[in-house]
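What's in query_29.tsv: TSV, C-alpha atoms and all ligand atoms
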chain	number	residue	atom	x	y	z
Z	1	TYR	CA	106.86	72.46	110.87
Z	2	PHE	CA	108.54	73.42	107.61
Z	3	ARG	CA	107.21	74.04	104.14
Z	4	THR	CA	109.21	73.69	100.98
Z	5	MET	CA	108.98	77.17	99.44
Z	6	GLU	CA	110.91	79.84	101.35
Z	7	LYS	CA	108.77	82.50	102.97
Z	8	VAL	CA	109.36	86.21	102.61
Z	9	LEU	CA	107.90	88.96	104.75
Z	10	SER	CA	108.19	92.72	104.87
Z	11	GLY	CA	106.18	95.80	105.74
Z	12	ILE	CA	106.21	99.57	105.57
Z	13	ARG	CA	104.74	101.96	108.14
Z	14	PRO	CA	101.88	104.18	106.96
Z	15	THR	CA	103.53	107.32	108.24
Z	16	GLY	CA	103.53	109.18	104.94
Z	17	TYR	CA	103.95	108.66	101.24
Z	18	LEU	CA	106.49	106.16	99.92
Z	19	HIS	CA	109.79	107.65	98.82
Z	20	LEU	CA	112.71	106.44	96.75
Z	21	GLY	CA	114.36	105.04	99.89
Z	22	ASN	CA	111.36	102.79	100.49
Z	23	TYR	CA	111.28	101.79	96.84
Z	24	PHE	CA	114.95	100.90	96.37
Z	25	GLY	CA	115.54	99.74	99.95
Z	26	ALA	CA	112.45	97.57	100.17
Z	27	VAL	CA	109.76	97.44	97.46
Z	28	LYS	CA	112.07	96.69	94.53
Z	29	ASN	CA	113.15	93.53	96.28
Z	30	PHE	CA	109.54	92.61	97.06
Z	31	LEU	CA	108.83	92.60	93.34
Z	32	ALA	CA	111.73	90.34	92.52
Z	33	LEU	CA	110.71	87.84	95.20
Z	34	GLN	CA	107.03	87.51	94.31
Z	35	ASP	CA	107.45	84.90	91.61
Z	36	ASN	CA	109.37	82.23	93.42
Z	37	HIS	CA	108.67	82.69	97.11
Z	38	GLU	CA	105.66	82.59	99.37
Z	39	CYS	CA	105.43	86.32	100.06
Z	40	PHE	CA	103.70	88.34	102.78
Z	41	PHE	CA	103.72	92.14	102.47
Z	42	PHE	CA	101.84	94.31	104.92
Z	43	VAL	CA	101.08	97.89	105.89
Z	44	ALA	CA	102.52	98.29	109.37
Z	45	ASN	CA	99.88	100.46	111.00
Z	46	LEU	CA	100.45	99.10	114.54
Z	47	HIS	CA	104.05	100.24	114.25
Z	48	ALA	CA	102.89	103.74	113.42
Z	49	LEU	CA	101.09	104.11	116.77
Z	50	THR	CA	104.26	104.96	118.69
Z	51	THR	CA	104.14	108.51	117.37
Z	52	HIS	CA	100.45	109.00	118.29
Z	53	PRO	CA	99.17	109.78	114.77
Z	54	ASP	CA	95.83	111.44	114.21
Z	55	PRO	CA	93.36	108.54	113.60
Z	56	LEU	CA	91.99	109.97	110.37
Z	57	SER	CA	95.38	110.58	108.85
Z	58	LEU	CA	96.54	107.10	109.95
Z	59	SER	CA	93.69	105.37	108.16
Z	60	SER	CA	94.10	107.48	105.05
Z	61	SER	CA	97.82	106.69	105.05
Z	62	VAL	CA	97.05	102.97	105.23
Z	63	LYS	CA	94.98	103.34	102.09
Z	64	SER	CA	97.69	105.31	100.31
Z	65	VAL	CA	100.45	102.81	101.16
Z	66	LEU	CA	98.25	99.96	99.93
Z	67	ALA	CA	97.66	101.83	96.66
Z	68	GLU	CA	101.38	102.56	96.40
Z	69	TYR	CA	102.29	98.90	96.95
Z	70	LEU	CA	99.98	97.87	94.13
Z	71	ALA	CA	101.12	100.70	91.87
Z	72	CYS	CA	104.72	99.55	92.32
Z	73	GLY	CA	103.71	96.10	91.12
Z	74	LEU	CA	102.86	94.02	94.19
Z	75	ASP	CA	100.38	91.47	92.94
Z	76	PRO	CA	97.63	90.13	95.23
Z	77	GLU	CA	97.46	86.98	93.10
Z	78	LYS	CA	101.07	86.17	93.85
Z	79	SER	CA	101.60	87.68	97.31
Z	80	THR	CA	99.59	87.99	100.49
Z	81	ILE	CA	99.08	91.74	100.95
Z	82	TYR	CA	97.41	92.87	104.17
Z	83	ILE	CA	97.00	95.51	106.83
Z	84	GLN	CA	98.79	94.61	110.07
Z	85	SER	CA	95.87	95.40	112.39
Z	86	ASP	CA	93.56	93.13	110.36
Z	87	VAL	CA	95.56	90.15	111.63
Z	88	PRO	CA	95.07	90.05	115.42
Z	89	GLU	CA	97.28	86.96	115.70
Z	90	ILE	CA	100.27	89.31	115.28
Z	91	SER	CA	99.34	91.17	118.46
Z	92	GLU	CA	98.82	87.86	120.21
Z	93	LEU	CA	102.28	86.63	119.27
Z	94	TYR	CA	103.72	89.99	120.35
Z	95	THR	CA	102.25	89.38	123.84
Z	96	LEU	CA	103.63	85.86	123.90
Z	97	LEU	CA	107.12	86.98	122.83
Z	98	ASN	CA	107.34	89.94	125.22
Z	99	SER	CA	108.58	87.83	128.10
Z	100	LEU	CA	111.44	86.57	125.97
Z	101	ALA	CA	112.75	90.10	125.39
Z	102	TYR	CA	114.93	91.74	128.01
Z	103	LYS	CA	114.86	95.38	129.03
Z	104	GLY	CA	118.63	95.70	128.60
Z	105	GLU	CA	118.73	94.54	124.99
Z	106	LEU	CA	115.69	96.65	124.06
Z	107	GLU	CA	117.22	99.77	125.60
Z	108	LYS	CA	120.49	99.16	123.76
Z	109	CYS	CA	118.74	99.16	120.37
Z	110	THR	CA	120.07	101.99	118.18
Z	111	SER	CA	116.68	103.03	116.83
Z	112	PHE	CA	115.29	103.27	120.38
Z	113	LYS	CA	118.21	105.43	121.50
Z	114	GLU	CA	117.76	107.65	118.47
Z	115	LYS	CA	114.01	107.99	119.07
Z	116	ILE	CA	114.41	108.98	122.73
Z	117	ARG	CA	117.00	111.54	121.71
Z	118	LYS	CA	114.61	113.05	119.15
Z	119	HIS	CA	111.33	112.73	121.09
Z	120	GLU	CA	112.12	113.12	124.75
Z	121	GLU	CA	108.48	113.92	125.45
Z	122	ASN	CA	107.12	110.63	124.12
Z	123	ILE	CA	109.19	107.67	125.25
Z	124	ASN	CA	106.47	105.04	125.42
Z	125	ALA	CA	106.55	101.27	125.94
Z	126	GLY	CA	105.61	100.77	122.27
Z	127	LEU	CA	108.89	102.37	121.24
Z	128	LEU	CA	110.86	100.16	123.60
Z	129	THR	CA	109.18	96.95	122.45
Z	130	TYR	CA	109.14	97.89	118.74
Z	131	PRO	CA	111.63	95.06	117.97
Z	132	VAL	CA	109.31	92.55	119.66
Z	133	LEU	CA	106.37	93.58	117.50
Z	134	MET	CA	108.63	93.41	114.46
Z	135	ALA	CA	109.71	89.92	115.51
Z	136	ALA	CA	106.03	88.95	115.83
Z	137	ASP	CA	105.40	90.29	112.29
Z	138	ILE	CA	108.11	88.04	110.90
Z	139	LEU	CA	107.76	84.98	113.09
Z	140	ILE	CA	103.97	84.80	112.73
Z	141	HIS	CA	104.53	83.38	109.22
Z	142	ARG	CA	107.84	81.74	110.13
Z	143	ALA	CA	109.47	83.75	107.36
Z	144	HIS	CA	113.01	83.06	106.14
Z	145	LYS	CA	113.85	86.22	104.19
Z	146	VAL	CA	113.06	89.80	105.10
Z	147	PRO	CA	113.75	92.33	102.35
Z	148	VAL	CA	114.53	95.56	104.22
Z	149	GLY	CA	116.93	98.48	104.07
Z	150	LYS	CA	120.15	98.71	106.02
Z	151	ASP	CA	118.44	100.61	108.86
Z	152	GLN	CA	116.60	97.42	109.87
Z	153	GLU	CA	119.63	95.16	110.21
Z	154	GLN	CA	119.78	95.39	113.99
Z	155	HIS	CA	116.06	94.70	114.42
Z	156	LEU	CA	116.48	91.56	112.32
Z	157	GLU	CA	119.27	90.42	114.55
Z	158	MET	CA	116.97	90.85	117.52
Z	159	THR	CA	114.27	88.81	115.78
Z	160	ARG	CA	116.81	86.02	115.30
Z	161	ASN	CA	117.71	86.21	118.99
Z	162	PHE	CA	114.07	85.89	120.03
Z	163	ALA	CA	113.54	82.99	117.60
Z	164	VAL	CA	116.59	81.12	118.85
Z	165	ARG	CA	115.62	81.80	122.46
Z	166	PHE	CA	112.12	80.46	121.85
Z	167	ASN	CA	113.43	77.33	120.10
Z	168	HIS	CA	115.91	76.75	122.88
Z	169	ARG	CA	113.43	77.25	125.71
Z	170	TYR	CA	110.81	74.96	124.22
Z	171	GLY	CA	113.28	72.47	122.83
Z	172	VAL	CA	112.16	72.46	119.17
Z	173	ASP	CA	113.22	74.02	115.89
Z	174	PHE	CA	109.94	75.87	115.54
Z	175	PHE	CA	111.03	79.24	114.16
Z	176	PRO	CA	113.55	79.56	111.33
Z	177	GLU	CA	116.19	82.29	111.76
Z	178	PRO	CA	115.12	85.04	109.35
Z	179	GLN	CA	117.74	86.93	107.35
Z	180	ALA	CA	117.66	90.50	106.04
Z	181	PHE	CA	117.68	90.30	102.29
Z	182	ASN	CA	118.67	92.39	99.30
Z	183	PHE	CA	119.27	91.14	95.78
Z	184	SER	CA	122.34	93.29	95.39
Z	185	GLN	CA	124.01	91.31	98.22
Z	186	GLN	CA	124.46	94.51	100.20
Z	187	LEU	CA	121.59	96.21	101.98
Z	188	VAL	CA	120.77	99.54	100.36
Z	189	LYS	CA	120.80	102.91	102.02
Z	190	VAL	CA	119.31	105.58	99.81
Z	191	PRO	CA	120.70	108.98	100.83
Z	192	GLY	CA	118.57	112.06	101.40
Z	193	LEU	CA	118.99	115.30	99.46
Z	194	ASP	CA	120.25	117.31	102.41
Z	195	GLY	CA	123.74	115.87	102.24
Z	196	SER	CA	123.49	113.99	105.50
Z	197	GLY	CA	121.91	110.65	106.45
Z	198	LYS	CA	119.26	108.54	104.76
Z	199	MET	CA	116.21	109.54	102.82
Z	200	GLY	CA	113.30	109.37	105.27
Z	201	LYS	CA	109.66	110.33	105.58
Z	202	SER	CA	110.19	112.34	108.73
Z	203	GLU	CA	113.48	114.02	107.85
Z	204	ALA	CA	113.67	117.71	106.97
Z	205	GLU	CA	111.50	119.12	104.19
Z	206	GLY	CA	113.17	118.57	100.83
Z	207	ASN	CA	115.18	115.54	102.00
Z	208	ALA	CA	112.93	112.89	100.47
Z	209	LEU	CA	111.61	112.35	96.95
Z	210	PHE	CA	108.19	110.70	96.95
Z	211	LEU	CA	106.91	108.31	94.28
Z	212	ARG	CA	103.80	110.45	93.80
Z	213	GLU	CA	105.64	113.75	93.76
Z	214	SER	CA	104.90	116.15	90.89
Z	215	ASN	CA	107.58	116.54	88.23
Z	216	GLU	CA	108.09	120.22	89.13
Z	217	SER	CA	108.59	119.37	92.77
Z	218	ILE	CA	111.11	116.62	91.96
Z	219	ILE	CA	113.06	119.04	89.78
Z	220	ASN	CA	112.97	121.77	92.45
Z	221	LYS	CA	114.13	119.49	95.22
Z	222	ILE	CA	117.02	118.17	93.14
Z	223	LYS	CA	117.99	121.71	92.20
Z	224	LYS	CA	118.16	122.58	95.88
Z	225	ALA	CA	120.03	119.42	96.88
Z	226	LYS	CA	123.27	120.13	98.73
Z	227	THR	CA	126.45	120.06	96.67
Z	228	ALA	CA	130.12	120.72	97.45
Z	229	PRO	CA	132.97	122.59	95.71
Z	230	SER	CA	133.99	121.10	92.34
Z	231	PRO	CA	137.08	118.89	92.35
Z	232	THR	CA	140.43	120.54	91.64
Z	233	GLU	CA	142.56	117.37	91.50
Z	234	PRO	CA	141.83	114.57	88.98
Z	235	ASN	CA	140.29	111.41	90.44
Z	236	SER	CA	139.62	112.90	93.86
Z	237	VAL	CA	137.42	111.26	96.42
Z	238	LYS	CA	133.87	112.62	96.24
Z	239	PRO	CA	132.53	114.61	99.16
Z	240	ILE	CA	129.47	113.02	100.73
Z	241	GLU	CA	126.97	115.41	99.07
Z	242	ILE	CA	128.30	114.53	95.61
Z	243	GLU	CA	128.61	110.85	96.41
Z	244	ASN	CA	124.90	110.98	97.35
Z	245	LEU	CA	123.92	112.49	93.98
Z	246	PHE	CA	125.90	109.77	92.20
Z	247	MET	CA	124.25	107.14	94.38
Z	248	LEU	CA	120.83	108.39	93.33
Z	249	MET	CA	121.97	108.33	89.71
Z	250	GLY	CA	123.08	104.76	90.24
Z	251	LEU	CA	119.45	103.90	91.03
Z	252	VAL	CA	117.68	105.57	88.11
Z	253	SER	CA	120.13	106.49	85.33
Z	254	SER	CA	121.68	104.44	82.56
Z	255	LYS	CA	125.24	103.11	82.81
Z	256	GLU	CA	126.34	105.48	80.02
Z	257	THR	CA	124.94	108.53	81.80
Z	258	ILE	CA	126.64	107.61	85.04
Z	259	GLN	CA	129.94	106.96	83.27
Z	260	TYR	CA	129.69	110.31	81.44
Z	261	PHE	CA	129.41	112.22	84.73
Z	262	GLU	CA	131.99	110.03	86.50
Z	263	ASP	CA	134.49	110.88	83.74
Z	264	LYS	CA	133.67	114.57	84.05
Z	265	TYR	CA	134.13	114.40	87.80
Z	266	ASN	CA	137.43	112.60	87.43
Z	267	ASP	CA	138.87	115.09	84.91
Z	268	CYS	CA	137.55	118.04	86.98
Z	269	SER	CA	135.30	119.39	84.21
Z	270	ILE	CA	132.07	118.56	86.03
Z	271	GLN	CA	129.31	121.11	86.51
Z	272	TYR	CA	126.72	120.19	89.07
Z	273	GLY	CA	123.86	122.03	87.30
Z	274	PRO	CA	123.72	119.67	84.29
Z	275	LEU	CA	124.29	116.65	86.55
Z	276	LYS	CA	121.27	117.66	88.64
Z	277	MET	CA	119.14	118.29	85.55
Z	278	GLN	CA	119.95	114.82	84.21
Z	279	LEU	CA	119.28	113.23	87.59
Z	280	ALA	CA	115.95	115.04	87.93
Z	281	GLU	CA	114.94	113.96	84.42
Z	282	ASP	CA	115.77	110.33	85.14
Z	283	ILE	CA	113.90	110.34	88.46
Z	284	VAL	CA	110.84	111.92	86.80
Z	285	LYS	CA	110.97	109.25	84.10
Z	286	PHE	CA	111.23	106.49	86.69
Z	287	ALA	CA	108.42	107.79	88.93
Z	288	LEU	CA	105.87	108.81	86.28
Z	289	PRO	CA	104.27	105.43	85.48
Z	290	ILE	CA	104.06	104.55	89.19
Z	291	LYS	CA	102.51	107.92	89.99
Z	292	GLU	CA	99.82	107.46	87.34
Z	293	LYS	CA	98.89	104.07	88.76
Z	294	ILE	CA	98.73	105.42	92.33
Z	295	VAL	CA	96.20	108.07	91.25
Z	296	ASP	CA	94.02	105.45	89.52
Z	297	LEU	CA	94.14	102.98	92.37
Z	298	GLU	CA	93.33	105.49	95.07
Z	299	LYS	CA	90.09	106.29	93.30
Z	300	ASN	CA	89.14	102.61	93.35
Z	301	THR	CA	88.27	102.12	97.01
Z	302	ASP	CA	86.25	98.97	96.26
Z	303	LEU	CA	89.21	97.25	94.72
Z	304	LEU	CA	91.52	98.28	97.59
Z	305	GLY	CA	88.96	96.92	100.06
Z	306	LYS	CA	88.69	93.60	98.24
Z	307	ILE	CA	92.44	93.19	98.12
Z	308	ALA	CA	92.83	94.02	101.83
Z	309	LYS	CA	90.09	91.56	102.77
Z	310	LEU	CA	91.54	88.73	100.71
Z	311	GLY	CA	95.00	89.48	102.12
Z	312	ALA	CA	93.77	89.43	105.71
Z	313	GLU	CA	92.08	86.08	105.18
Z	314	LYS	CA	95.18	84.48	103.71
Z	315	ALA	CA	97.46	86.03	106.34
Z	316	ARG	CA	95.24	84.91	109.21
Z	317	GLU	CA	95.25	81.35	107.94
Z	318	SER	CA	99.02	81.23	108.00
Z	319	ALA	CA	99.19	83.15	111.32
Z	320	ASN	CA	96.74	80.83	113.01
Z	321	GLU	CA	98.89	77.82	112.28
Z	322	THR	CA	101.84	79.48	114.00
Z	323	ILE	CA	99.82	80.68	116.99
Z	324	LYS	CA	98.44	77.19	117.52
Z	325	GLY	CA	101.95	75.73	117.51
Z	326	VAL	CA	103.31	78.43	119.82
Z	327	LYS	CA	100.50	78.07	122.34
Z	328	ASN	CA	100.86	74.31	122.39
Z	329	LEU	CA	104.57	74.59	123.04
Z	330	MET	CA	104.13	77.21	125.75
Z	331	GLY	CA	101.50	75.26	127.64
Z	332	LEU	CA	98.68	77.58	126.63
Z	333	LYS	CA	96.57	75.09	124.75
Z	334	SER	CA	93.10	75.33	126.15
Z	335	ILE	CA	92.04	72.34	128.16
Z	336	TRP	CA	88.38	73.31	128.17
Z	337	LEU	CA	87.55	74.93	124.81
Z	401	LIG	P1	109.80	102.86	107.00
Z	401	LIG	O1	109.43	103.95	106.05
Z	401	LIG	O2	110.77	103.32	108.04
Z	401	LIG	O3	108.62	102.09	107.53
Z	401	LIG	O4	110.65	101.83	106.15
Z	401	LIG	C1	110.07	100.91	105.28
Z	401	LIG	C2	111.13	100.15	104.53
Z	401	LIG	O5	111.87	101.03	103.69
Z	401	LIG	C3	112.15	99.44	105.43
Z	401	LIG	O6	112.46	98.21	104.83
Z	401	LIG	C4	113.33	100.34	105.38
Z	401	LIG	O7	114.54	99.64	105.58
Z	401	LIG	C5	113.26	100.90	103.97
Z	401	LIG	N1	113.88	102.23	103.90
Z	401	LIG	C6	113.39	103.38	104.44
Z	401	LIG	N2	114.21	104.42	104.16
Z	401	LIG	C7	115.24	103.91	103.43
Z	401	LIG	C8	116.40	104.47	102.81
Z	401	LIG	N3	116.68	105.78	102.87
Z	401	LIG	N4	117.24	103.65	102.15
Z	401	LIG	C9	116.97	102.32	102.05
Z	401	LIG	N5	115.90	101.73	102.60
Z	401	LIG	C10	115.03	102.51	103.28

Step by step, read the file and then write its structure as structure tokens.
Ligand code: AMP
Amino acid sequence: YFRTMEKVLSGIRPTGYLHLGNYFGAVKNFLALQDNHECFFFVANLHALTTHPDPLSLSSSVKSVLAEYLACGLDPEKSTIYIQSDVPEISELYTLLNSLAYKGELEKCTSFKEKIRKHEENINAGLLTYPVLMAADILIHRAHKVPVGKDQEQHLEMTRNFAVRFNHRYGVDFFPEPQAFNFSQQLVKVPGLDGSGKMGKSEAEGNALFLRESNESIINKIKKAKTAPSPTEPNSVKPIEIENLFMLMGLVSSKETIQYFEDKYNDCSIQYGPLKMQLAEDIVKFALPIKEKIVDLEKNTDLLGKIAKLGAEKARESANETIKGVKNLMGLKSIWL
């Protein structure tokens, strides 16, 4: 059942443009894994259905995430890049795994509790079984490593539970136990600009910085980012809003720049205006080449189509192998076909 090269899988929902949280929490690790792993990266459009998106905007978002993946450096020659709904075996495995997932554990899931708090009017079965579909995404290729941000840690744990449960029930080591993965050892959580939680596509306006954002807009958002009073005691602990700005700097600025502002913070001479200007400049510099590639790729629908088709073929080949094994083990192998 096992191959020699470790398998990697991850996806992003087409619910909007990619932001720095997606890049540093997920995509940056995808890039580093491409060369020495068997990688599967997909656009998670089935996962986007829970919020009932408009069909036209969903399909245009799929196209933009695919272009963004490629612009960031995902390479269809090295990785299998596909659209989730183009691989029906994922939905099949989701059906097969559903009976291994219990209502209690699904209801306890933090992201489910958060979603029902935020969207009381739309608590659908897709939201509840989100972790099962995610498990199907991962287990369909029997992946070992899943490069994701910290927000996905609990879902990964659930995937491991389903995998272990399956192996136990059918008495074989069929599924490996996949692990969340980040090169920096710790999973990354990129903060938003509003001084509170994480950067996210659906958070308040101005919270997220998108890869394709115009330079002016990046600068404006950073200017408006929440700050806190300047320190009055040397070496004080940073308030969360300031810690967040330094965290963003840690992602895009040079060591010297960061040290310069750290020293200023620690001797109480810091001014947040210049810090924000420097941060904005470094983010603009980081995003510019990616942005240019996104614009080019989005114009090239033929190329995007070819890449999606090739990806679906490769993904289905791998998925089929798993589905065959699963159905055999579960007693679903057809006697007549
Ligand atoms: P989503 O946009 O929720 O589909 O997330 C796609 C990927 O980006 C997942 O691997 C998330 O863990 C990651 N991600 C999203 N937002 C952040 C963030 N603020 N910090 C780190 N990783 C993130």

Fewer than 4 positions away in the same chain doesn't count, so skip those; otherwise give me all residues within 7 Å of Phe162 (chain Z), counting all atoms listed in the file, as an mmCIF file with C-alpha atoms, in the frame of the given file.
data_model
loop_
_atom_site.group_PDB
_atom_site.id
_atom_site.type_symbol
_atom_site.label_atom_id
_atom_site.label_comp_id
_atom_site.auth_asym_id
_atom_site.auth_seq_id
_atom_site.Cartn_x
_atom_site.Cartn_y
_atom_site.Cartn_z
ATOM 1 C CA LEU Z 100 111.440 86.570 125.970
ATOM 2 C CA ALA Z 101 112.750 90.100 125.390
ATOM 3 C CA MET Z 158 116.970 90.850 117.520
ATOM 4 C CA PHE Z 166 112.120 80.460 121.850
#

Q: Would you please work out which residue, of Z:Lys198, Z:Lys221, Z:Arg13, Z:His168, is nearest to Val284 (chain Z) when using all atoms listed in the file?
A: Z:Lys221

Q. CA of His37 (chain Z) and CA of Leu9 (chain Z) are how many Å apart?
A.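 Computing it gives 9.9 Å between the two atoms.
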
Q) Within 12 Å of region 208-214 of chain Z, counting all atoms listed in the file, which residues qualify if same-chain residues fewer than 6 places away don't, as number ranges by chain? A) Z: 16-24, 27, 64-65, 67-69, 71-72, 190-202, 220-222, 224-225, 248, 280, 283-296, 298

Determine the axis-aligned bounding box of all atoms of ligand LIG 401 (chain Z) present in the file, pad each side by 5 Å, and express its centre and edge lengths in Å to one decimal place as AutoDock Vina command-line options.
--center_x 112.9 --center_y 102.0 --center_z 105.0 --size_x 18.6 --size_y 17.6 --size_z 16.0

Q | Nearest to Glu317 (chain Z) by atom-to-atom distance, counting only C-alpha atoms, from Z:Gly171, Z:Leu156, Z:Val87, Z:Leu70 | A |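 Comparing Z:Gly171, Z:Leu156, Z:Val87, Z:Leu70 against Glu317 (chain Z), the winner is Z:Val87.
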
(Q) Quick one: residues within 8 Å of Gln84 (chain Z), all atoms listed in the file, excluding same-chain residues fewer than 3 positions away - as a ChimeraX atom specification? (A) /Z:42-46,87-88,90

Q | Selected residue of minimal separation from Ile123 (chain Z) among Z:Pro147, Z:Leu31, Z:Thr51, Z:Val62, counting all atoms listed in the file | A |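 The shortest atom-to-atom distance to Ile123 (chain Z) comes from Z:Thr51.
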
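Residue nearest Thr80 (chain Z) within the list Z:Glu203, Z:Glu321, Z:Glu313, Z:Asp54: Z:Glu313 [criterion: smallest interatomic distance, all atoms listed in the file].
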
Q: Using all atoms listed in the file, pick whichever of Z:Arg165, Z:Lys189, Z:Lys7, Z:Lys333 has the shortest atom-to-atom distance to ligand LIG 401 (chain Z).
A: Z:Lys189

(Q) Please compute the CA of Ala228 (chain Z)-CA of Gly273 (chain Z) distance, one decimal, in Å. (A) 12.0 Å

Q: Record the distance separating CA of Gly104 (chain Z) and CA of Thr129 (chain Z), expressed in Å with one decimal.
A: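 CA of Gly104 (chain Z) sits 11.3 Å away from CA of Thr129 (chain Z).
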
Q.
Ranking Z:Val148, Z:Ile218, Z:Ile116, Z:Val237 by minimum distance to ligand LIG 401 (chain Z) and counting all atoms listed in the file, which one comes first?
A.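 Comparing Z:Val148, Z:Ile218, Z:Ile116, Z:Val237 against ligand LIG 401 (chain Z), the winner is Z:Val148.
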
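Within 6 Å of region 172-177 of chain Z, once only C-alpha atoms are used and residues closer than 5 positions along the same chain are dropped, the contacting residues are Arg142, Arg160, Ala163 and Asn167 of chain Z.
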